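Data from start02.tsv: TSV, C-alpha atoms and all ligand atoms
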```
chain	number	residue	atom	x	y	z
A	1	MET	CA	-41.07	5.82	-28.86
A	2	LEU	CA	-40.50	5.87	-25.10
A	3	GLU	CA	-42.09	2.47	-24.90
A	4	LYS	CA	-39.80	1.17	-27.60
A	5	LEU	CA	-36.81	2.56	-25.76
A	6	GLU	CA	-37.99	0.85	-22.57
A	7	GLU	CA	-38.31	-2.42	-24.44
A	8	LEU	CA	-34.86	-2.02	-25.92
A	9	LYS	CA	-33.44	-1.31	-22.48
A	10	ASN	CA	-34.95	-4.44	-21.00
A	11	GLU	CA	-33.76	-6.62	-23.84
A	12	PHE	CA	-30.27	-5.16	-23.60
A	13	ARG	CA	-30.11	-5.71	-19.86
A	14	GLU	CA	-31.23	-9.29	-20.19
A	15	SER	CA	-28.64	-10.32	-22.74
A	16	VAL	CA	-25.53	-8.26	-22.00
A	17	ALA	CA	-24.33	-10.46	-19.13
A	18	GLY	CA	-24.51	-13.56	-21.33
A	19	LEU	CA	-21.79	-12.34	-23.72
A	20	GLN	CA	-18.80	-14.65	-23.40
A	21	ASP	CA	-16.22	-13.39	-25.88
A	22	ARG	CA	-14.99	-10.25	-27.62
A	23	ASN	CA	-16.51	-11.04	-31.02
A	24	SER	CA	-20.05	-11.51	-29.79
A	25	LEU	CA	-19.63	-8.41	-27.65
A	26	ALA	CA	-18.60	-6.32	-30.67
A	27	GLU	CA	-21.44	-7.68	-32.71
A	28	PHE	CA	-23.93	-7.04	-29.92
A	29	LYS	CA	-22.64	-3.49	-29.56
A	30	SER	CA	-23.18	-2.65	-33.20
A	31	THR	CA	-26.64	-4.26	-33.15
A	32	TYR	CA	-27.68	-1.88	-30.39
A	33	LEU	CA	-25.50	1.20	-30.72
A	34	GLY	CA	-24.19	1.10	-34.31
A	35	LYS	CA	-25.13	3.67	-36.93
A	36	LYS	CA	-27.77	1.35	-38.32
A	37	GLY	CA	-28.36	-0.18	-34.92
A	38	ARG	CA	-31.61	-0.57	-33.01
A	39	LEU	CA	-31.30	2.59	-30.95
A	40	ASN	CA	-30.86	4.81	-33.99
A	41	ASP	CA	-33.64	2.90	-35.68
A	42	ILE	CA	-36.06	3.95	-32.94
A	43	LEU	CA	-34.81	7.54	-32.98
A	44	LYS	CA	-35.51	7.83	-36.71
A	45	GLY	CA	-39.12	8.52	-35.74
A	46	MET	CA	-37.99	11.71	-33.96
A	47	ARG	CA	-37.87	13.74	-37.14
A	48	ASP	CA	-41.65	13.90	-37.30
A	49	ALA	CA	-42.31	14.39	-33.57
A	50	ASP	CA	-42.97	17.74	-31.79
A	51	THR	CA	-40.35	19.56	-29.81
A	52	ASP	CA	-41.61	18.41	-26.40
A	53	VAL	CA	-41.59	14.77	-27.38
A	54	ARG	CA	-38.19	15.18	-29.01
A	55	LYS	CA	-36.74	16.64	-25.83
A	56	GLN	CA	-38.11	13.90	-23.65
A	57	VAL	CA	-37.17	11.06	-25.96
A	58	GLY	CA	-33.75	12.59	-26.61
A	59	GLY	CA	-33.01	12.73	-22.88
A	60	THR	CA	-34.12	9.17	-22.24
A	61	ALA	CA	-32.23	7.92	-25.29
A	62	ASN	CA	-29.03	9.60	-24.09
A	63	GLU	CA	-29.31	8.05	-20.66
A	64	LEU	CA	-29.92	4.69	-22.21
A	65	LYS	CA	-26.93	5.08	-24.50
A	66	GLN	CA	-24.67	5.88	-21.56
A	67	GLU	CA	-25.98	2.97	-19.54
A	68	MET	CA	-25.38	0.61	-22.47
A	69	GLN	CA	-21.86	1.89	-23.02
A	70	LYS	CA	-21.05	1.41	-19.34
A	71	SER	CA	-22.33	-2.14	-19.13
A	72	LEU	CA	-20.56	-3.04	-22.36
A	73	ASP	CA	-17.27	-1.79	-20.89
A	74	LYS	CA	-17.89	-3.75	-17.73
A	75	GLN	CA	-18.68	-6.88	-19.66
A	76	LEU	CA	-15.51	-6.45	-21.72
A	77	GLN	CA	-13.47	-6.27	-18.54
A	78	LYS	CA	-15.08	-9.48	-17.32
A	79	ILE	CA	-14.24	-11.20	-20.57
A	80	GLU	CA	-10.63	-10.02	-20.38
A	81	THR	CA	-10.23	-11.30	-16.84
A	82	THR	CA	-11.62	-14.68	-17.84
A	83	GLU	CA	-9.23	-14.79	-20.79
A	84	ILE	CA	-6.21	-14.04	-18.58
A	85	ASP	CA	-7.27	-16.65	-16.02
A	86	ALA	CA	-7.71	-19.20	-18.79
A	87	ALA	CA	-4.25	-18.44	-20.21
A	88	LEU	CA	-2.66	-18.73	-16.77
A	89	ASN	CA	-4.44	-22.00	-16.09
A	90	LYS	CA	-3.30	-23.43	-19.37
A	91	ASN	CA	0.37	-22.63	-18.79
A	92	TRP	CA	0.39	-23.34	-15.09
A	93	GLN	CA	3.15	-25.57	-13.81
A	94	ASP	CA	3.88	-26.49	-10.23
A	95	ILE	CA	7.65	-26.22	-9.99
A	96	THR	CA	7.59	-27.74	-6.52
A	97	LEU	CA	6.27	-30.99	-7.95
A	98	THR	CA	9.62	-32.66	-8.23
A	99	ASP	CA	8.35	-35.76	-9.99
A	100	SER	CA	6.54	-33.87	-12.72
A	101	VAL	CA	9.61	-31.69	-13.23
A	102	ARG	CA	11.82	-34.76	-13.48
A	103	ALA	CA	9.35	-36.37	-15.86
A	104	LYS	CA	9.94	-33.45	-18.20
A	105	GLY	CA	13.69	-34.09	-18.05
A	106	LEU	CA	14.35	-30.92	-16.05
A	107	LYS	CA	16.41	-30.69	-12.91
A	108	ALA	CA	14.66	-29.68	-9.71
A	109	ALA	CA	15.93	-26.46	-8.15
A	110	GLY	CA	17.42	-26.55	-4.68
A	111	PHE	CA	18.71	-24.15	-2.07
A	112	HIS	CA	22.38	-23.44	-1.54
A	113	PRO	CA	23.51	-24.87	1.81
A	114	VAL	CA	24.49	-21.36	2.96
A	115	THR	CA	20.93	-20.23	2.28
A	116	LEU	CA	19.57	-23.20	4.20
A	117	ILE	CA	21.72	-22.45	7.26
A	118	GLN	CA	21.05	-18.72	7.01
A	119	ARG	CA	17.28	-19.25	7.07
A	120	GLU	CA	17.54	-21.67	9.93
A	121	ILE	CA	19.56	-19.21	12.00
A	122	GLU	CA	17.26	-16.33	11.11
A	123	ASP	CA	14.36	-18.41	12.44
A	124	ILE	CA	16.21	-19.10	15.68
A	125	PHE	CA	16.83	-15.38	16.22
A	126	ILE	CA	13.33	-14.37	15.18
A	127	SER	CA	12.02	-16.75	17.84
A	128	MET	CA	14.18	-14.86	20.39
A	129	GLY	CA	12.74	-11.50	19.34
A	130	PHE	CA	15.50	-10.28	17.00
A	131	ASP	CA	14.83	-8.30	13.83
A	132	ILE	CA	16.49	-9.20	10.51
A	133	LEU	CA	18.39	-6.35	8.84
A	134	ASP	CA	20.15	-6.01	5.52
A	135	GLY	CA	22.92	-3.78	4.18
A	136	PRO	CA	24.66	-3.02	0.89
A	137	HIS	CA	27.70	-4.92	-0.45
A	138	ILE	CA	29.29	-1.68	-1.63
A	139	GLU	CA	30.11	0.45	1.38
A	140	ASP	CA	32.06	3.54	2.35
A	141	ASP	CA	34.98	3.88	4.72
A	142	PHE	CA	32.72	5.21	7.49
A	143	HIS	CA	30.42	2.18	7.71
A	144	ASN	CA	33.10	-0.45	7.17
A	145	PHE	CA	35.87	1.06	9.33
A	146	GLU	CA	35.57	4.48	10.91
A	147	ALA	CA	32.29	4.04	12.77
A	148	LEU	CA	33.59	0.70	14.02
A	149	ASN	CA	36.49	2.33	15.80
A	150	ILE	CA	38.98	1.00	13.26
A	151	PRO	CA	41.72	3.65	13.03
A	152	ASP	CA	43.44	4.71	9.82
A	153	THR	CA	46.52	2.73	10.74
A	154	HIS	CA	44.69	-0.55	11.35
A	155	PRO	CA	45.95	-3.45	9.22
A	156	ALA	CA	42.35	-4.37	8.28
A	157	ARG	CA	42.35	-1.33	5.98
A	158	ASP	CA	45.28	-2.72	4.12
A	159	MET	CA	45.04	-2.82	0.34
A	160	GLN	CA	45.77	-6.53	0.52
A	161	ASP	CA	42.61	-7.32	2.48
A	162	THR	CA	40.13	-4.85	1.11
A	163	PHE	CA	38.71	-4.59	-2.39
A	164	TRP	CA	38.71	-0.82	-2.91
A	165	PHE	CA	37.01	0.89	-5.84
A	166	ALA	CA	39.09	3.13	-8.07
A	167	ASP	CA	37.77	6.25	-6.28
A	168	MET	CA	39.38	4.90	-3.07
A	169	LYS	CA	36.24	6.01	-1.23
A	170	HIS	CA	34.11	2.93	-1.77
A	171	LEU	CA	34.85	-0.70	-1.06
A	172	LEU	CA	33.29	-4.14	-0.96
A	173	ARG	CA	32.37	-4.65	2.70
A	174	THR	CA	34.92	-6.81	4.45
A	175	HIS	CA	32.50	-7.84	7.19
A	176	THR	CA	28.82	-7.60	8.09
A	177	SER	CA	29.70	-5.33	11.01
A	178	THR	CA	28.64	-2.55	8.61
A	179	ILE	CA	25.10	-3.69	9.43
A	180	GLN	CA	25.74	-2.86	13.10
A	181	VAL	CA	26.37	0.74	12.07
A	182	ARG	CA	23.34	0.88	9.79
A	183	GLY	CA	21.20	-0.77	12.47
A	184	MET	CA	22.24	1.81	15.08
A	185	GLU	CA	21.61	4.65	12.64
A	186	ALA	CA	18.10	3.41	11.88
A	187	ASN	CA	16.91	2.37	15.35
A	188	GLU	CA	16.40	3.85	18.79
A	189	PRO	CA	17.59	1.57	21.60
A	190	PRO	CA	16.70	-0.86	23.03
A	191	PHE	CA	16.91	-3.17	20.01
A	192	LYS	CA	18.32	-6.47	18.87
A	193	PHE	CA	18.85	-7.64	15.32
A	194	VAL	CA	20.85	-9.97	13.09
A	195	GLY	CA	22.10	-9.12	9.62
A	196	PRO	CA	23.25	-11.89	7.27
A	197	GLY	CA	25.17	-11.32	4.05
A	198	LYS	CA	28.11	-11.77	1.72
A	199	VAL	CA	31.45	-10.23	2.56
A	200	PHE	CA	34.59	-9.85	0.47
A	201	ARG	CA	38.29	-10.04	1.21
A	202	CYS	CA	41.20	-9.83	-1.12
A	203	GLU	CA	42.90	-12.98	0.13
A	204	ALA	CA	44.58	-16.04	-1.29
A	205	THR	CA	42.13	-18.94	-1.26
A	206	ASP	CA	42.69	-22.30	0.38
A	207	ALA	CA	40.60	-25.04	2.02
A	208	SER	CA	39.26	-22.63	4.63
A	209	HIS	CA	39.50	-19.22	2.89
A	210	GLU	CA	37.48	-17.71	0.05
A	211	MET	CA	37.41	-14.20	-1.38
A	212	ALA	CA	33.64	-14.04	-0.97
A	213	PHE	CA	32.03	-15.66	2.04
A	214	HIS	CA	29.09	-15.20	4.40
A	215	GLN	CA	28.64	-13.82	7.86
A	216	LEU	CA	25.71	-13.24	10.11
A	217	GLU	CA	26.13	-10.19	12.28
A	218	GLY	CA	24.24	-9.81	15.52
A	219	MET	CA	23.78	-6.87	17.86
A	220	MET	CA	21.83	-6.22	21.01
A	221	VAL	CA	21.70	-2.80	22.65
A	222	GLY	CA	19.88	-2.09	25.88
A	223	ARG	CA	20.44	-1.14	29.52
A	224	ASP	CA	22.89	-3.16	31.61
A	225	ILE	CA	23.65	-5.80	29.00
A	226	SER	CA	26.38	-8.10	30.28
A	227	VAL	CA	28.79	-10.76	29.07
A	228	ALA	CA	26.39	-13.27	30.65
A	229	ASN	CA	23.67	-12.14	28.20
A	230	LEU	CA	26.09	-12.54	25.33
A	231	ILE	CA	27.10	-16.05	26.38
A	232	TYR	CA	23.46	-17.06	26.89
A	233	PHE	CA	22.52	-16.13	23.32
A	234	MET	CA	25.62	-17.75	21.84
A	235	LYS	CA	25.00	-20.99	23.75
A	236	THR	CA	21.34	-21.08	22.72
A	237	LEU	CA	22.34	-20.51	19.13
A	238	LEU	CA	24.92	-23.32	19.07
A	239	ALA	CA	22.61	-25.78	20.82
A	240	GLU	CA	19.86	-25.06	18.26
A	241	ILE	CA	22.16	-25.32	15.26
A	242	PHE	CA	24.09	-28.45	16.09
A	243	ARG	CA	21.52	-30.34	18.15
A	244	GLN	CA	24.42	-32.31	19.52
A	245	GLN	CA	27.03	-31.81	22.17
A	246	VAL	CA	29.78	-29.58	20.76
A	247	ASN	CA	32.79	-28.56	22.72
A	248	VAL	CA	33.41	-24.83	22.77
A	249	ARG	CA	36.10	-22.60	24.15
A	250	LEU	CA	36.13	-18.86	24.74
A	251	ARG	CA	39.39	-16.98	24.21
A	252	PRO	CA	40.14	-13.31	24.42
A	253	GLY	CA	40.02	-11.83	20.91
A	254	PHE	CA	40.84	-8.37	19.67
A	255	PHE	CA	38.46	-6.41	17.46
A	256	PRO	CA	38.53	-2.60	17.68
A	257	PHE	CA	34.72	-2.45	17.89
A	258	VAL	CA	34.32	-4.60	21.01
A	259	GLU	CA	35.80	-4.41	24.50
A	260	PRO	CA	36.23	-6.96	25.89
A	261	GLY	CA	36.34	-9.10	22.75
A	262	PHE	CA	36.21	-12.88	22.46
A	263	GLU	CA	36.78	-15.66	20.01
A	264	LEU	CA	34.36	-18.50	20.45
A	265	ASP	CA	35.82	-21.66	18.91
A	266	ILE	CA	34.15	-25.02	18.48
A	267	GLU	CA	35.93	-28.33	18.38
A	268	CYS	CA	36.33	-29.31	14.73
A	269	LEU	CA	33.46	-31.61	13.77
A	270	ILE	CA	35.23	-32.84	10.66
A	271	CYS	CA	38.11	-34.52	12.48
A	272	ALA	CA	36.51	-34.63	15.97
A	273	GLY	CA	39.31	-32.46	17.25
A	274	LYS	CA	42.11	-34.68	15.96
A	275	GLY	CA	43.40	-32.09	13.50
A	276	CYS	CA	42.74	-31.69	9.77
A	277	ARG	CA	43.26	-29.09	7.04
A	278	VAL	CA	40.03	-27.25	7.85
A	279	CYS	CA	41.06	-26.61	11.46
A	280	LYS	CA	44.64	-26.16	10.34
A	281	HIS	CA	45.54	-29.19	12.47
A	282	THR	CA	44.61	-27.43	15.72
A	283	GLY	CA	41.39	-29.34	16.38
A	284	TRP	CA	39.49	-26.03	16.85
A	285	VAL	CA	37.60	-23.82	14.42
A	286	GLU	CA	37.03	-20.11	14.95
A	287	LEU	CA	33.32	-19.70	14.55
A	288	LEU	CA	31.94	-16.86	16.56
A	289	PRO	CA	33.97	-13.73	17.24
A	290	CYS	CA	32.03	-11.51	19.63
A	291	GLY	CA	32.25	-9.01	22.46
A	292	MET	CA	30.78	-6.06	24.29
A	293	THR	CA	30.24	-3.09	21.99
A	294	HIS	CA	32.92	-0.40	22.34
A	295	PRO	CA	31.55	2.98	23.58
A	296	ASN	CA	33.07	4.73	20.54
A	297	VAL	CA	30.98	2.49	18.27
A	298	LEU	CA	27.76	3.39	20.08
A	299	LYS	CA	28.70	7.06	19.86
A	300	ALA	CA	29.38	6.84	16.11
A	301	GLY	CA	25.98	5.17	15.74
A	302	GLY	CA	24.27	8.06	17.50
A	303	ILE	CA	23.73	6.22	20.81
A	304	ASP	CA	24.71	7.63	24.20
A	305	PRO	CA	27.18	5.13	25.75
A	306	THR	CA	26.51	6.47	29.26
A	307	GLN	CA	22.88	5.32	28.93
A	308	TRP	CA	23.13	2.21	26.78
A	309	ASN	CA	25.44	-0.71	26.14
A	310	GLY	CA	25.37	-3.92	24.18
A	311	PHE	CA	27.07	-6.86	22.56
A	312	ALA	CA	27.83	-7.90	18.99
A	313	PHE	CA	28.92	-11.05	17.21
A	314	GLY	CA	29.85	-12.08	13.68
A	315	LEU	CA	29.04	-15.69	12.86
A	316	GLY	CA	30.89	-17.27	9.92
A	317	LEU	CA	28.21	-19.04	7.91
A	318	ASP	CA	30.44	-20.93	5.48
A	319	ARG	CA	32.40	-22.55	8.29
A	320	LEU	CA	29.16	-23.48	9.94
A	321	VAL	CA	27.96	-25.15	6.74
A	322	MET	CA	31.25	-27.03	6.52
A	323	MET	CA	30.92	-28.27	10.10
A	324	ARG	CA	27.27	-29.21	9.66
A	325	TYR	CA	27.67	-31.12	6.38
A	326	HIS	CA	31.26	-32.28	6.88
A	327	ILE	CA	32.60	-30.42	3.85
A	328	ASP	CA	36.37	-30.25	3.92
A	329	ASP	CA	36.99	-27.44	1.43
A	330	ILE	CA	35.25	-24.05	1.40
A	331	ARG	CA	35.90	-23.72	-2.35
A	332	HIS	CA	33.17	-26.29	-3.04
A	333	LEU	CA	30.61	-23.76	-1.87
A	334	HIS	CA	31.17	-21.38	-4.78
A	335	GLY	CA	32.74	-23.81	-7.19
A	336	GLY	CA	29.61	-23.87	-9.36
A	337	ASP	CA	29.63	-27.67	-9.61
A	338	LEU	CA	25.97	-28.71	-9.79
A	339	ARG	CA	26.74	-32.19	-8.49
A	340	PHE	CA	27.77	-30.54	-5.23
A	341	ILE	CA	24.78	-28.20	-4.96
A	342	GLU	CA	22.25	-30.87	-5.89
A	343	GLN	CA	22.89	-32.67	-2.65
A	344	PHE	CA	21.13	-29.96	-0.64
A	345	LYS	CA	17.48	-30.04	-1.62
A	346	ALA	CA	15.59	-30.09	1.60
A	347	TYR	CA	14.50	-27.17	3.65
B	1	LIG	N1	33.55	-8.28	12.00
B	1	LIG	C1	34.46	-9.23	12.59
B	1	LIG	C2	35.18	-9.99	11.47
B	1	LIG	O1	34.71	-10.04	10.38
B	1	LIG	C3	33.74	-10.21	13.46
B	1	LIG	C4	33.11	-9.63	14.69
B	1	LIG	C5	31.81	-9.19	14.67
B	1	LIG	C6	33.80	-9.55	15.89
B	1	LIG	C7	31.21	-8.67	15.81
B	1	LIG	C8	33.23	-9.06	17.03
B	1	LIG	C9	31.92	-8.62	16.98
B	1	LIG	O2	36.22	-10.56	11.68
```
Using structure tokens, write down the structure from this file.
Ligand code: PHE
Amino acid sequence: MLEKLEELKNEFRESVAGLQDRNSLAEFKSTYLGKKGRLNDILKGMRDADTDVRKQVGGTANELKQEMQKSLDKQLQKIETTEIDAALNKNWQDITLTDSVRAKGLKAAGFHPVTLIQREIEDIFISMGFDILDGPHIEDDFHNFEALNIPDTHPARDMQDTFWFADMKHLLRTHTSTIQVRGMEANEPPFKFVGPGKVFRCEATDASHEMAFHQLEGMMVGRDISVANLIYFMKTLLAEIFRQQVNVRLRPGFFPFVEPGFELDIECLICAGKGCRVCKHTGWVELLPCGMTHPNVLKAGGIDPTQWNGFAFGLGLDRLVMMRYHIDDIRHLHGGDLRFIEQFKAY
């Protein structure tokens, strides 16, 4: 009987790996392990054997049974994996193959121009050692105002500018400066990061204003950071983005969270400074408000302003897109007209 079991084992081992599908596996299993299968067939002889032989054969048969069960399970797994691979291969479609997509009468997907610019700017800052941070659209008063040194009486808190929730505690962030606060909370100085995202303001819309638009916040905190550092990074950024000579001007600007604060304007690229509706006929476009971080802001972020200082900026991405692609109305960006979006495929 032991010999027969040995034979059975060898036969089983030889053929189990050759099973290619579920049906033959099930059939094979019942041939070997079924009630009327080959293993039981051998064990039938046990009835007439003595106790010693029965013990020995029983033990070997059990081991064999376990081994068979294990390799059958393994083989089933292999078959399942092959089946899944086959199904995936059959339905596989390369959506980046524009021609094949077009051939099927489908439209190729593209990136929104704001996404294109955002990625490009992220890459520029990553190359200068900045981290990329994110923050929520729904914020509280602390992160949007209080920690940014914006007092209760500040007009920015006005109902007309801010989308408040009914609880009057939460709001849609009005600027990405909230990411400054979250960045300070989460990091020990020195650090530098940018944080892109959508912001919301309850404003009337026109050629240069939308209720939802995009900013890219930046912050650098370290020891002895100066206005010269700020200007260096802003200049590098503009040179990389425009790859052409753009005229800029720096004006004093007031934001409660920076001191001193600046407005960096660029000469309007749509009208070459002659005046148009995008630049409100001034020839200049406000693009990059910035400044040296106010000590109160560092304090609210858990940073000791006697040890550390820094700068921050808030780049308007939609305006940048408009300047780059010569778009004369911000409302095109979220107008949902596919003919507009389809023009921006490349990345
Ligand atoms: N948060 C400001 C705004 O939305 C922009 C800003 C950011 C100004 C950082 C200075 C520094 O208008």
| Residues at most 9 Å from Arg277 in chain A, counting all atoms listed in the file, excluding those fewer than 5 positions away in the same chain, as a list in words? |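 In the requested format, the answer is Ala207, Ser208, Thr282, Asp328 and Asp329 of chain A.
Every protein, DNA or RNA residue with an atom at most 7 Å from Phe311 in chain A, where all atoms listed in the file count and chain neighbours fewer than 2 positions away do not, is listed here: Met219, Met220, Val221, Leu230, Gly291, Met292 and Thr293 of chain A.
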Using the selection just defined, write its residues with C-alpha atoms as a CSV table (one decimal), in the frame of the given file.
```csv
chain,number,residue,atom,x,y,z
A,219,MET,CA,23.8,-6.9,17.9
A,220,MET,CA,21.8,-6.2,21.0
A,221,VAL,CA,21.7,-2.8,22.6
A,230,LEU,CA,26.1,-12.5,25.3
A,291,GLY,CA,32.2,-9.0,22.5
A,292,MET,CA,30.8,-6.1,24.3
A,293,THR,CA,30.2,-3.1,22.0
```
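Across the structure, CA of Ile330 in chain A and CA of Ile121 in chain A are spaced 19.5 Å apart.
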| At most 7 Å from ligand LIG 1 (chain B) (all atoms listed in the file): residue list as a list in words |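 The distance check yields Thr174, His175, Thr176, Ser177, Glu217, Phe255, Phe257, Val258, Gly261, Pro289, Cys290, Gly291, Ala312, Phe313 and Gly314 of chain A.
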| message | Measuring between only C-alpha atoms, which one of A:Asn229, A:Thr82, A:Thr31, A:Asn10 shows the shortest distance to Glu67 in chain A? | response |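 Ranking A:Asn229, A:Thr82, A:Thr31, A:Asn10 by distance to Glu67 in chain A, first place goes to A:Asn10.
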| task | Please indicate the distance in Å from CA of Gly273 in chain A to CA of His326 in chain A, rounded to one decimal place. | result | 13.1 Å
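Relative to CA of Ile126 in chain A, CA of Val194 in chain A is found at 9.0 Å.
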| message | Counting all atoms listed in the file, which residues sit no farther than 10 Å from the position (35.4, -12.6, -1.2) in the file's frame? I'd like them as number ranges by chain. | response | A: 161-163, 172-174, 198-205, 209-214
| query | Closest to Met128 in chain A among A:Lys192, A:Glu263, A:His112, A:Cys268, using all atoms listed in the file? | reply |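 Checking each candidate against Met128 in chain A, we get A:Lys192 as the closest.
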| field | Using only C-alpha atoms: which of A:Ala300, A:Leu287, A:Val278, A:Val16 has the shortest distance to Ile327 in chain A | value | A:Val278
Box time for range 209-220 of chain A: axis-aligned, enclosing all its listed atoms, 5 Å extra on each side; report centre and edge lengths in Å to one decimal, as lines of an AutoDock Vina configuration file.
```
center_x = 30.7
center_y = -12.7
center_z = 9.8
size_x = 27.7
size_y = 23.0
size_z = 32.4
```
Starting from the incomplete input, reconstruct N, CA, C and O atoms of range 152-169 of chain A and report them as a CSV table (one decimal), keeping the file's coordinate frame.
```csv
chain,number,residue,atom,x,y,z
A,152,ASP,N,42.8,4.7,11.1
A,152,ASP,CA,43.4,4.7,9.8
A,152,ASP,C,44.6,3.7,9.7
A,152,ASP,O,44.9,3.2,8.6
A,153,THR,N,45.3,3.5,10.8
A,153,THR,CA,46.5,2.7,10.7
A,153,THR,C,46.3,1.2,10.9
A,153,THR,O,47.2,0.4,10.9
A,154,HIS,N,45.0,0.9,11.1
A,154,HIS,CA,44.7,-0.6,11.4
A,154,HIS,C,45.0,-1.4,10.1
A,154,HIS,O,44.6,-1.1,9.0
A,155,PRO,N,45.6,-2.6,10.4
A,155,PRO,CA,46.0,-3.4,9.2
A,155,PRO,C,44.7,-3.9,8.4
A,155,PRO,O,44.9,-4.3,7.2
A,156,ALA,N,43.5,-3.9,9.0
A,156,ALA,CA,42.4,-4.4,8.3
A,156,ALA,C,42.1,-3.5,7.1
A,156,ALA,O,41.4,-3.9,6.1
A,157,ARG,N,42.6,-2.2,7.1
A,157,ARG,CA,42.4,-1.3,6.0
A,157,ARG,C,43.3,-1.6,4.8
A,157,ARG,O,43.2,-1.0,3.8
A,158,ASP,N,44.2,-2.5,5.1
A,158,ASP,CA,45.3,-2.7,4.1
A,158,ASP,C,44.7,-3.1,2.7
A,158,ASP,O,43.7,-3.8,2.6
A,159,MET,N,45.4,-2.5,1.7
A,159,MET,CA,45.0,-2.8,0.3
A,159,MET,C,44.9,-4.3,0.1
A,159,MET,O,44.2,-4.8,-0.8
A,160,GLN,N,45.7,-5.1,0.8
A,160,GLN,CA,45.8,-6.5,0.5
A,160,GLN,C,44.5,-7.2,1.0
A,160,GLN,O,44.2,-8.3,0.5
A,161,ASP,N,43.8,-6.7,2.0
A,161,ASP,CA,42.6,-7.3,2.5
A,161,ASP,C,41.3,-6.8,1.9
A,161,ASP,O,40.3,-7.5,1.8
A,162,THR,N,41.4,-5.5,1.5
A,162,THR,CA,40.1,-4.8,1.1
A,162,THR,C,40.1,-4.6,-0.4
A,162,THR,O,41.0,-4.2,-1.0
A,163,PHE,N,38.9,-4.9,-1.0
A,163,PHE,CA,38.7,-4.6,-2.4
A,163,PHE,C,38.2,-3.1,-2.4
A,163,PHE,O,37.1,-2.9,-2.1
A,164,TRP,N,39.1,-2.2,-2.8
A,164,TRP,CA,38.7,-0.8,-2.9
A,164,TRP,C,38.3,-0.5,-4.3
A,164,TRP,O,38.8,-1.1,-5.3
A,165,PHE,N,37.4,0.4,-4.5
A,165,PHE,CA,37.0,0.9,-5.8
A,165,PHE,C,38.0,1.9,-6.3
A,165,PHE,O,38.8,2.4,-5.4
A,166,ALA,N,38.1,2.2,-7.5
A,166,ALA,CA,39.1,3.1,-8.1
A,166,ALA,C,39.0,4.5,-7.4
A,166,ALA,O,40.1,5.2,-7.2
A,167,ASP,N,37.9,4.9,-6.9
A,167,ASP,CA,37.8,6.2,-6.3
A,167,ASP,C,38.4,6.3,-4.9
A,167,ASP,O,38.5,7.3,-4.3
A,168,MET,N,38.8,5.1,-4.4
A,168,MET,CA,39.4,4.9,-3.1
A,168,MET,C,38.5,5.4,-1.9
A,168,MET,O,38.9,5.6,-0.8
A,169,LYS,N,37.2,5.6,-2.3
A,169,LYS,CA,36.2,6.0,-1.2
A,169,LYS,C,35.3,4.9,-0.9
A,169,LYS,O,34.7,4.7,0.1
```
